[in-house]
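Engineer: input22.cif is the file, holding mmCIF, C-alpha atoms:
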data_final
#
loop_
_atom_site.label_atom_id
_atom_site.label_comp_id
_atom_site.auth_asym_id
_atom_site.auth_seq_id
_atom_site.Cartn_x
_atom_site.Cartn_y
_atom_site.Cartn_z
CA MET A 236 76.05 29.33 123.20
CA ASP A 237 76.17 32.35 120.89
CA SER A 238 72.60 33.75 120.60
CA LEU A 239 73.19 35.28 117.15
CA THR A 240 74.54 32.01 115.77
CA GLY A 241 71.58 30.18 117.27
CA LEU A 242 69.22 32.60 115.56
CA ARG A 243 70.92 32.07 112.19
CA VAL A 244 70.84 28.30 112.65
CA PHE A 245 67.12 28.35 113.44
CA VAL A 246 66.30 30.45 110.36
CA LYS A 247 68.43 28.17 108.17
CA VAL A 248 66.63 25.07 109.49
CA VAL A 249 63.30 26.66 108.54
CA GLU A 250 64.59 27.72 105.11
CA THR A 251 66.01 24.27 104.26
CA GLY A 252 63.29 22.24 105.96
CA SER A 253 65.59 19.94 107.89
CA PHE A 254 68.39 19.82 110.44
CA THR A 255 70.59 17.84 108.06
CA ALA A 256 70.28 20.31 105.18
CA ALA A 257 70.88 23.24 107.54
CA ALA A 258 73.99 21.51 108.91
CA GLU A 259 75.37 21.06 105.38
CA ALA A 260 74.63 24.68 104.43
CA LEU A 261 76.25 26.06 107.59
CA GLU A 262 79.11 23.50 107.59
CA LEU A 263 78.17 22.34 111.08
CA SER A 264 77.41 18.88 112.45
CA ARG A 265 73.76 17.89 112.68
CA ALA A 266 74.21 17.51 116.44
CA MET A 267 75.51 21.09 116.71
CA VAL A 268 72.54 22.42 114.70
CA SER A 269 70.16 20.58 117.00
CA LYS A 270 71.98 21.91 120.05
CA HIS A 271 71.70 25.51 118.84
CA VAL A 272 67.96 25.17 118.30
CA GLN A 273 67.45 23.50 121.68
CA THR A 274 69.42 26.27 123.41
CA LEU A 275 67.35 28.94 121.64
CA GLU A 276 64.09 27.24 122.66
CA ALA A 277 65.29 26.91 126.26
CA ARG A 278 66.20 30.60 126.39
CA LEU A 279 62.80 31.64 124.99
CA GLY A 280 60.85 29.08 127.03
CA VAL A 281 58.79 27.91 124.03
CA ARG A 282 58.98 25.18 121.40
CA LEU A 283 59.75 26.64 118.00
CA LEU A 284 59.85 23.48 115.87
CA GLN A 285 57.94 20.22 115.74
CA ARG A 286 60.37 17.44 114.85
CA SER A 287 59.62 14.15 113.14
CA THR A 288 61.73 11.59 111.35
CA ARG A 289 60.62 12.98 107.96
CA ARG A 290 60.22 16.74 108.37
CA VAL A 291 60.44 19.81 110.58
CA ALA A 292 57.42 22.09 111.06
CA LEU A 293 57.04 25.44 112.77
CA THR A 294 54.88 25.77 115.83
CA GLU A 295 52.64 28.82 116.11
CA ALA A 296 55.26 30.51 118.32
CA GLY A 297 57.98 29.39 115.92
CA SER A 298 56.15 30.90 112.96
CA ARG A 299 55.88 34.28 114.64
CA TYR A 300 59.48 34.16 115.85
CA HIS A 301 60.78 33.14 112.41
CA ALA A 302 59.04 36.06 110.70
CA ARG A 303 60.64 38.56 113.08
CA ALA A 304 64.00 36.80 113.22
CA SER A 305 64.46 36.51 109.44
CA ALA A 306 63.51 40.19 108.95
CA TRP A 307 65.92 41.25 111.71
CA LEU A 308 68.80 39.20 110.27
CA GLU A 309 68.18 40.62 106.80
CA ASP A 310 68.20 44.16 108.18
CA MET A 311 71.40 43.48 110.12
CA ASP A 312 73.13 41.98 107.08
CA THR A 313 72.15 45.05 105.06
CA THR A 314 73.52 47.35 107.76
CA GLU A 315 76.80 45.43 107.93
CA ALA A 316 77.12 45.62 104.15
CA GLU A 317 76.57 49.38 104.25
CA LEU A 318 79.19 49.76 106.98
CA GLY A 319 81.57 47.71 104.87
CA GLN A 320 81.05 50.12 101.99
CA LEU A 321 81.88 53.04 104.26
CA ILE A 322 85.25 51.39 104.90
CA THR A 323 85.98 50.65 101.23
CA GLU A 324 84.07 53.29 99.24
CA PRO A 325 84.22 57.01 100.12
CA ARG A 326 80.77 58.42 100.79
CA GLY A 327 79.03 60.68 103.26
CA THR A 328 80.45 63.94 104.66
CA LEU A 329 84.19 64.32 105.23
CA ARG A 330 84.82 66.81 108.05
CA ILE A 331 88.28 68.39 107.95
CA SER A 332 90.05 70.90 110.19
CA ALA A 333 93.09 72.79 108.90
CA PRO A 334 95.16 75.87 109.82
CA MET A 335 93.81 79.09 108.38
CA SER A 336 96.61 80.14 106.02
CA PHE A 337 97.74 76.68 104.93
CA GLY A 338 94.17 75.46 104.54
CA ARG A 339 93.14 78.43 102.43
CA VAL A 340 96.03 77.99 99.95
CA TYR A 341 96.97 74.29 100.09
CA VAL A 342 93.80 72.45 101.15
CA ALA A 343 90.78 74.34 99.78
CA PRO A 344 92.04 74.48 96.14
CA LEU A 345 92.40 70.68 96.10
CA LEU A 346 88.83 69.91 97.12
CA GLY A 347 87.38 70.12 93.61
CA GLU A 348 89.74 67.48 92.23
CA PHE A 349 89.10 65.18 95.19
CA LEU A 350 85.31 65.53 94.89
CA ASN A 351 85.50 64.81 91.16
CA ARG A 352 87.23 61.55 92.01
CA HIS A 353 84.62 60.64 94.62
CA PRO A 354 81.16 61.94 93.63
CA GLY A 355 79.52 60.28 96.64
CA LEU A 356 81.27 62.64 99.05
CA ARG A 357 80.54 65.99 100.64
CA ILE A 358 83.19 68.05 102.44
CA ASP A 359 82.91 70.26 105.51
CA LEU A 360 86.15 72.25 105.90
CA ALA A 361 86.86 74.32 109.02
CA LEU A 362 89.84 76.69 109.01
CA ALA A 363 91.31 77.79 112.33
CA ASP A 364 94.85 78.14 113.64
CA ARG A 365 93.89 76.74 117.04
CA ALA A 366 93.73 72.96 117.33
CA VAL A 367 90.20 71.57 117.58
CA ASP A 368 89.11 68.49 119.52
CA LEU A 369 88.58 65.98 116.71
CA ILE A 370 86.52 63.54 118.74
CA GLU A 371 84.36 66.02 120.64
CA ASP A 372 83.74 68.20 117.57
CA GLY A 373 83.19 65.27 115.21
CA TYR A 374 86.02 65.77 112.70
CA ASP A 375 87.31 62.90 110.56
CA LEU A 376 90.80 64.36 110.38
CA ALA A 377 92.87 67.49 110.85
CA VAL A 378 95.92 68.92 109.10
CA ARG A 379 98.34 70.17 111.75
CA ILE A 380 101.71 71.86 111.49
CA GLY A 381 104.49 71.76 114.07
CA GLU A 382 105.26 69.60 117.07
CA LEU A 383 102.35 67.37 118.02
CA ALA A 384 101.38 66.92 121.64
CA ASP A 385 101.19 63.36 122.95
CA SER A 386 97.63 62.15 122.58
CA SER A 387 95.50 59.20 121.56
CA LEU A 388 95.29 60.58 118.01
CA VAL A 389 96.97 58.77 115.13
CA CYS A 390 99.43 60.85 113.10
CA ARG A 391 100.79 60.60 109.54
CA ARG A 392 103.54 62.94 108.33
CA LEU A 393 102.62 64.40 104.94
CA ALA A 394 105.45 66.86 104.26
CA ALA A 395 107.54 69.55 105.94
CA THR A 396 107.92 73.30 105.90
CA ARG A 397 110.88 75.48 106.83
CA LEU A 398 110.69 78.65 108.87
CA LEU A 399 112.03 81.78 107.14
CA LEU A 400 113.40 84.87 108.87
CA CYS A 401 112.31 88.03 107.05
CA ALA A 402 111.92 91.79 107.27
CA SER A 403 110.84 94.55 104.91
CA PRO A 404 113.39 96.62 102.95
CA GLY A 405 112.09 99.72 104.74
CA TYR A 406 112.61 98.24 108.20
CA LEU A 407 116.15 97.11 107.36
CA ALA A 408 117.02 100.51 105.92
CA ARG A 409 115.85 102.15 109.12
CA TYR A 410 117.18 99.76 111.76
CA GLY A 411 119.94 97.78 110.02
CA THR A 412 120.33 94.19 108.92
CA PRO A 413 121.32 91.64 111.60
CA ASP A 414 124.38 89.48 110.81
CA HIS A 415 124.02 87.02 113.68
CA PRO A 416 121.01 85.57 115.54
CA ALA A 417 122.19 87.24 118.78
CA GLU A 418 121.54 90.65 117.21
CA LEU A 419 117.81 89.88 116.97
CA SER A 420 117.40 90.68 120.66
CA GLY A 421 117.90 94.33 119.76
CA HIS A 422 115.21 94.35 117.06
CA GLU A 423 111.43 94.49 116.95
CA CYS A 424 110.43 90.85 116.43
CA LEU A 425 106.89 89.79 115.66
CA SER A 426 105.89 86.66 117.58
CA TYR A 427 103.39 83.94 116.71
CA ARG A 428 101.22 83.51 119.78
CA LEU A 429 100.31 79.86 119.10
CA SER A 430 103.91 78.66 118.86
CA ASP A 431 105.15 76.24 121.53
CA THR A 432 107.89 78.80 122.35
CA PRO A 433 106.63 82.14 120.99
CA SER A 434 109.48 84.14 122.58
CA ASP A 435 112.35 81.83 121.58
CA TRP A 436 113.72 81.50 118.06
CA HIS A 437 116.18 78.69 117.23
CA PHE A 438 118.98 78.67 114.65
CA SER A 439 121.90 76.48 113.52
CA ASP A 440 124.74 76.89 111.00
CA ALA A 441 126.63 74.53 108.68
CA ASP A 442 129.36 74.01 111.30
CA GLY A 443 126.90 72.69 113.86
CA HIS A 444 126.72 75.82 115.98
CA THR A 445 123.30 76.55 117.48
CA ALA A 446 121.71 79.70 118.83
CA THR A 447 118.50 80.31 120.72
CA VAL A 448 117.42 83.92 120.92
CA ARG A 449 114.83 85.38 123.30
CA ILE A 450 112.93 87.87 121.15
CA ASP A 451 110.63 90.75 122.01
CA GLY A 452 108.39 93.11 120.12
CA ARG A 453 105.23 95.16 120.31
CA VAL A 454 103.19 92.97 117.96
CA ARG A 455 102.10 89.37 118.38
CA ALA A 456 99.28 87.53 116.64
CA ASP A 457 97.73 84.10 116.19
CA ASN A 458 97.91 84.14 112.37
CA GLY A 459 101.08 83.96 110.26
CA GLU A 460 99.73 85.94 107.31
CA ALA A 461 98.84 88.80 109.65
CA LEU A 462 102.38 88.78 111.05
CA CYS A 463 103.94 88.79 107.57
CA GLU A 464 101.69 91.66 106.56
CA ALA A 465 102.78 93.57 109.65
CA ALA A 466 106.43 92.86 108.83
CA ALA A 467 105.91 93.97 105.22
CA ASN A 468 104.58 97.25 106.61
CA GLY A 469 107.83 97.80 108.50
CA LEU A 470 106.76 96.77 112.01
CA GLY A 471 109.59 94.31 112.60
CA ILE A 472 111.27 91.00 111.82
CA VAL A 473 109.14 87.87 111.39
CA LEU A 474 109.82 84.13 111.50
CA GLN A 475 107.17 82.23 109.55
CA PRO A 476 106.81 79.05 107.44
CA ASP A 477 107.83 79.23 103.80
CA PHE A 478 104.24 78.61 102.64
CA ILE A 479 103.26 81.91 104.29
CA ALA A 480 106.41 84.01 103.90
CA GLY A 481 107.18 82.80 100.36
CA PRO A 482 104.71 85.03 98.46
CA PHE A 483 105.90 88.10 100.41
CA LEU A 484 109.51 87.28 99.47
CA GLN A 485 108.63 86.69 95.83
CA ALA A 486 106.83 90.03 95.70
CA GLY A 487 109.83 91.81 97.23
CA ARG A 488 107.80 93.00 100.22
CA LEU A 489 110.04 90.99 102.54
CA LEU A 490 113.71 90.07 102.34
CA ALA A 491 115.27 86.88 103.74
CA LEU A 492 117.75 87.35 106.61
CA LEU A 493 120.72 85.43 108.04
CA PRO A 494 121.40 83.25 104.96
CA ASP A 495 124.21 81.38 106.76
CA TRP A 496 121.90 80.27 109.54
CA ASN A 497 119.22 77.62 109.23
CA THR A 498 115.90 77.65 111.01
CA ARG A 499 114.18 74.46 112.01
CA GLU A 500 112.04 72.36 109.72
CA ILE A 501 108.61 71.50 111.04
CA GLY A 502 106.30 68.70 110.01
CA ILE A 503 102.94 68.89 108.30
CA HIS A 504 100.77 66.06 109.56
CA ALA A 505 97.37 64.49 109.14
CA VAL A 506 95.91 63.43 112.48
CA TYR A 507 92.81 61.36 113.06
CA PRO A 508 91.12 59.59 115.97
CA GLU A 509 91.32 55.89 115.04
CA ARG A 510 93.47 53.77 112.74
CA ARG A 511 91.50 50.51 112.85
CA TYR A 512 88.14 51.87 111.68
CA LEU A 513 89.31 54.87 109.67
CA PRO A 514 86.52 55.65 107.13
CA ALA A 515 87.43 55.33 103.47
CA ARG A 516 86.68 59.03 102.94
CA ALA A 517 89.37 60.02 105.46
CA ARG A 518 91.90 57.43 104.33
CA ARG A 519 91.56 58.43 100.66
CA PHE A 520 91.87 62.14 101.46
CA ILE A 521 95.02 61.59 103.54
CA ASP A 522 96.57 59.59 100.69
CA PHE A 523 95.50 62.32 98.27
CA LEU A 524 97.18 65.04 100.36
CA ALA A 525 100.37 62.98 100.68
CA GLU A 526 100.45 62.64 96.90
CA ARG A 527 99.91 66.36 96.32
CA TYR A 528 102.39 67.46 99.00
CA ALA A 529 105.19 65.07 97.97
CA LEU A 530 107.04 67.84 96.11
CA ALA A 531 106.27 70.54 98.74
CA PRO A 532 104.72 73.03 96.28
CA TRP A 533 105.26 75.87 98.79
CA ARG A 534 109.05 75.34 98.93
CA MET A 535 111.08 78.39 97.92
CA GLU A 536 113.66 77.85 95.16
CA SER A 537 117.17 78.11 96.57
#
Using structure tokens, write down the structure that the file contains.

Structural biologist:
Amino acid sequence: MDSLTGLRVFVKVVETGSFTAAAEALELSRAMVSKHVQTLEARLGVRLLQRSTRRVALTEAGSRYHARASAWLEDMDTTEAELGQLITEPRGTLRISAPMSFGRVYVAPLLGEFLNRHPGLRIDLALADRAVDLIEDGYDLAVRIGELADSSLVCRRLAATRLLLCASPGYLARYGTPDHPAELSGHECLSYRLSDTPSDWHFSDADGHTATVRIDGRVRADNGEALCEAAANGLGIVLQPDFIAGPFLQAGRLLALLPDWNTREIGIHAVYPERRYLPARARRFIDFLAERYALAPWRMES
């Protein structure tokens, strides 16, 4: 029989003073209550209770065991209640990983509002363009952009971003403006090292035509802002998400290219290790990000 249930039955018998009262309190038959106590005594090899037709009394061994058992059950109930609060009420430290550029502009500025909503929380934010190991490094969740590799992680799509093809006015004046994706093979193109296909850029037009271009250039990097800065300084053509390239376009430091050709849209996701026991702090933050990203605040006006 279940040892934990037997322990609870024994403590309830002592609290109520009889097998019958314990059976009523636990919604068990009197025979089942008696069986649980007998099984517990057999497992321990000692008699815990002295039975009579009128009352139940603790033996010396039973008295010692009851003191320890009741304290242990109380501590366990308290622990279970605290764990339940972790599931329903955000508290503790929320550890988040996010890409450098996106996290700096679209995660970090939101933390104050989220903490104001949940004063029992602390936040530990790590910004890096390389994907971290959530389980090994102890993160509650990560914001990731792009195609996600198959893994045991759970994923929720929050929003999307579109890649923009850009170059500086100075570069275009010097080397010309491409009119078709195929012409990119003759230009200096700045590649993002962490892309799944850093040397291949993909395009499509309104008529359903597609083009994949193998690009080359003297500069590659693992950070999109660095690549856009290099492009703004005339080092070549860049293909970066709108949340990175947008400010450069708005400032006139970069110009958008190939307006009749579309680049692919890529997802912005929250990933986390476990769906079943997801802490409230992580669940609330993911919902919060989905709410804030619903209108894609980085999207360029067409």

Engineer: Step by step, work through what the PyMOL selection byres ((chain A and resi 505-507) around 9) selects in the shown file, and finish by giving those residues as a ChimeraX atom specification.

Structural biologist: /A:369-370,374-380,388-393,503-504,508-510,513,517,521,524

Engineer: For atom CA of A:Ala402 and atom CA of A:Val340, quote the distance in Å rounded to one decimal.

Structural biologist: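 We find that atom CA of A:Ala402 and atom CA of A:Val340 lie 22.3 Å from each other.
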
Engineer: For the atom pair atom CA of A:Glu418 and atom CA of A:Ala395, what is the interatomic distance in Å to one decimal place?

Structural biologist: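 So the two atoms, atom CA of A:Glu418 and atom CA of A:Ala395, lie 27.7 Å apart.
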
Engineer: Identify the residues within 12 Å of coordinate (113.3, 80.5, 109.5) (same frame as the file), considering all atoms listed in the file, and give the answer as a PyMOL selection string.

Structural biologist: chain A and resi 396-402+416+436-439+472-481+490-501+535

Engineer: Here is a test: counting only C-alpha atoms, which residue of A:Gly338, A:Gly421, A:Gly241, A:Gly252 is nearest to A:Leu308?

Structural biologist: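 Using only C-alpha atoms, the shortest distance to A:Leu308 belongs to A:Gly241.
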
Engineer: Between atom CA of A:Ala258 and atom CA of A:Gln273, measure the distance and give it in Å to one decimal.

Structural biologist: 14.5 Å

Engineer: Report, as JSON, the axis-aligned box around all atoms of stretch 239-244 of chain A present in the file, extended by 6 Å on each side; give centre and edge lengths in Å to one decimal place.

Structural biologist:
{"center_x": 71.9, "center_y": 31.8, "center_z": 114.7, "size_x": 17.3, "size_y": 19.0, "size_z": 17.1}

Engineer: Running the PyMOL selection byres ((chain A and resi 269) around 12) on this model by hand, what would come out? Give it as a PyMOL selection string.

Structural biologist: chain A and resi 241+244-245+247-248+253-258+263-268+270-276+284+286+291

Engineer: Could those selected residues go to a file with C-alpha atoms, as a compact mmCIF listing (two decimals), keeping the file's coordinate frame?

Structural biologist:
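File produced: result_11.txt:
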# COMPACT_ATOMS: atom_id res chain seq x y z
CA GLY A 241 71.58 30.18 117.27
CA VAL A 244 70.84 28.30 112.65
CA PHE A 245 67.12 28.35 113.44
CA LYS A 247 68.43 28.17 108.17
CA VAL A 248 66.63 25.07 109.49
CA SER A 253 65.59 19.94 107.89
CA PHE A 254 68.39 19.82 110.44
CA THR A 255 70.59 17.84 108.06
CA ALA A 256 70.28 20.31 105.18
CA ALA A 257 70.88 23.24 107.54
CA ALA A 258 73.99 21.51 108.91
CA LEU A 263 78.17 22.34 111.08
CA SER A 264 77.41 18.88 112.45
CA ARG A 265 73.76 17.89 112.68
CA ALA A 266 74.21 17.51 116.44
CA MET A 267 75.51 21.09 116.71
CA VAL A 268 72.54 22.42 114.70
CA LYS A 270 71.98 21.91 120.05
CA HIS A 271 71.70 25.51 118.84
CA VAL A 272 67.96 25.17 118.30
CA GLN A 273 67.45 23.50 121.68
CA THR A 274 69.42 26.27 123.41
CA LEU A 275 67.35 28.94 121.64
CA GLU A 276 64.09 27.24 122.66
CA LEU A 284 59.85 23.48 115.87
CA ARG A 286 60.37 17.44 114.85
CA VAL A 291 60.44 19.81 110.58

Engineer: The PyMOL selection byres ((chain A and resi 404) around 12) - which residues does that actually catch in the file I just gave you? List them as a PyMOL selection string.

Structural biologist: chain A and resi 401-403+405-412+466-472+483-484+486-492

Engineer: Smallest atom-to-atom distance to A:Gln485: which of A:Arg534, A:Arg516, A:Gly381, A:Thr314, using all atoms listed in the file?

Structural biologist: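 For A:Gln485, the nearest of the candidates is A:Arg534.
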
Engineer: Go through A:Ser420, A:Gln285, A:Ser298, A:Ser430 one by one, measure the shortest atom-to-atom distance of each to A:Ile450 using only C-alpha atoms, and give the residue with the smallest value.

Structural biologist: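 Counting only C-alpha atoms, the residue closest to A:Ile450 is A:Ser420.
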
Engineer: Quick one: residues within 8 Å of A:Arg357, all atoms listed in the file, excluding same-chain residues fewer than 4 positions away - as a VMD selection string?

Structural biologist: chain A and resid 326 to 329 350

Engineer: Point out the residue among A:Leu346, A:Pro514, A:Ala465, A:Ala333 with the least atom-to-atom distance to A:Val367, counting all atoms listed in the file.

Structural biologist: A:Ala333

Engineer: Check the smallest atom-to-atom distance from each of A:Leu345, A:Ala461, A:Leu356, A:Ala361 to A:Tyr528 using all atoms listed in the file, then report the winner.

Structural biologist: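 Nearest candidate to A:Tyr528 out of A:Leu345, A:Ala461, A:Leu356, A:Ala361: A:Leu345.
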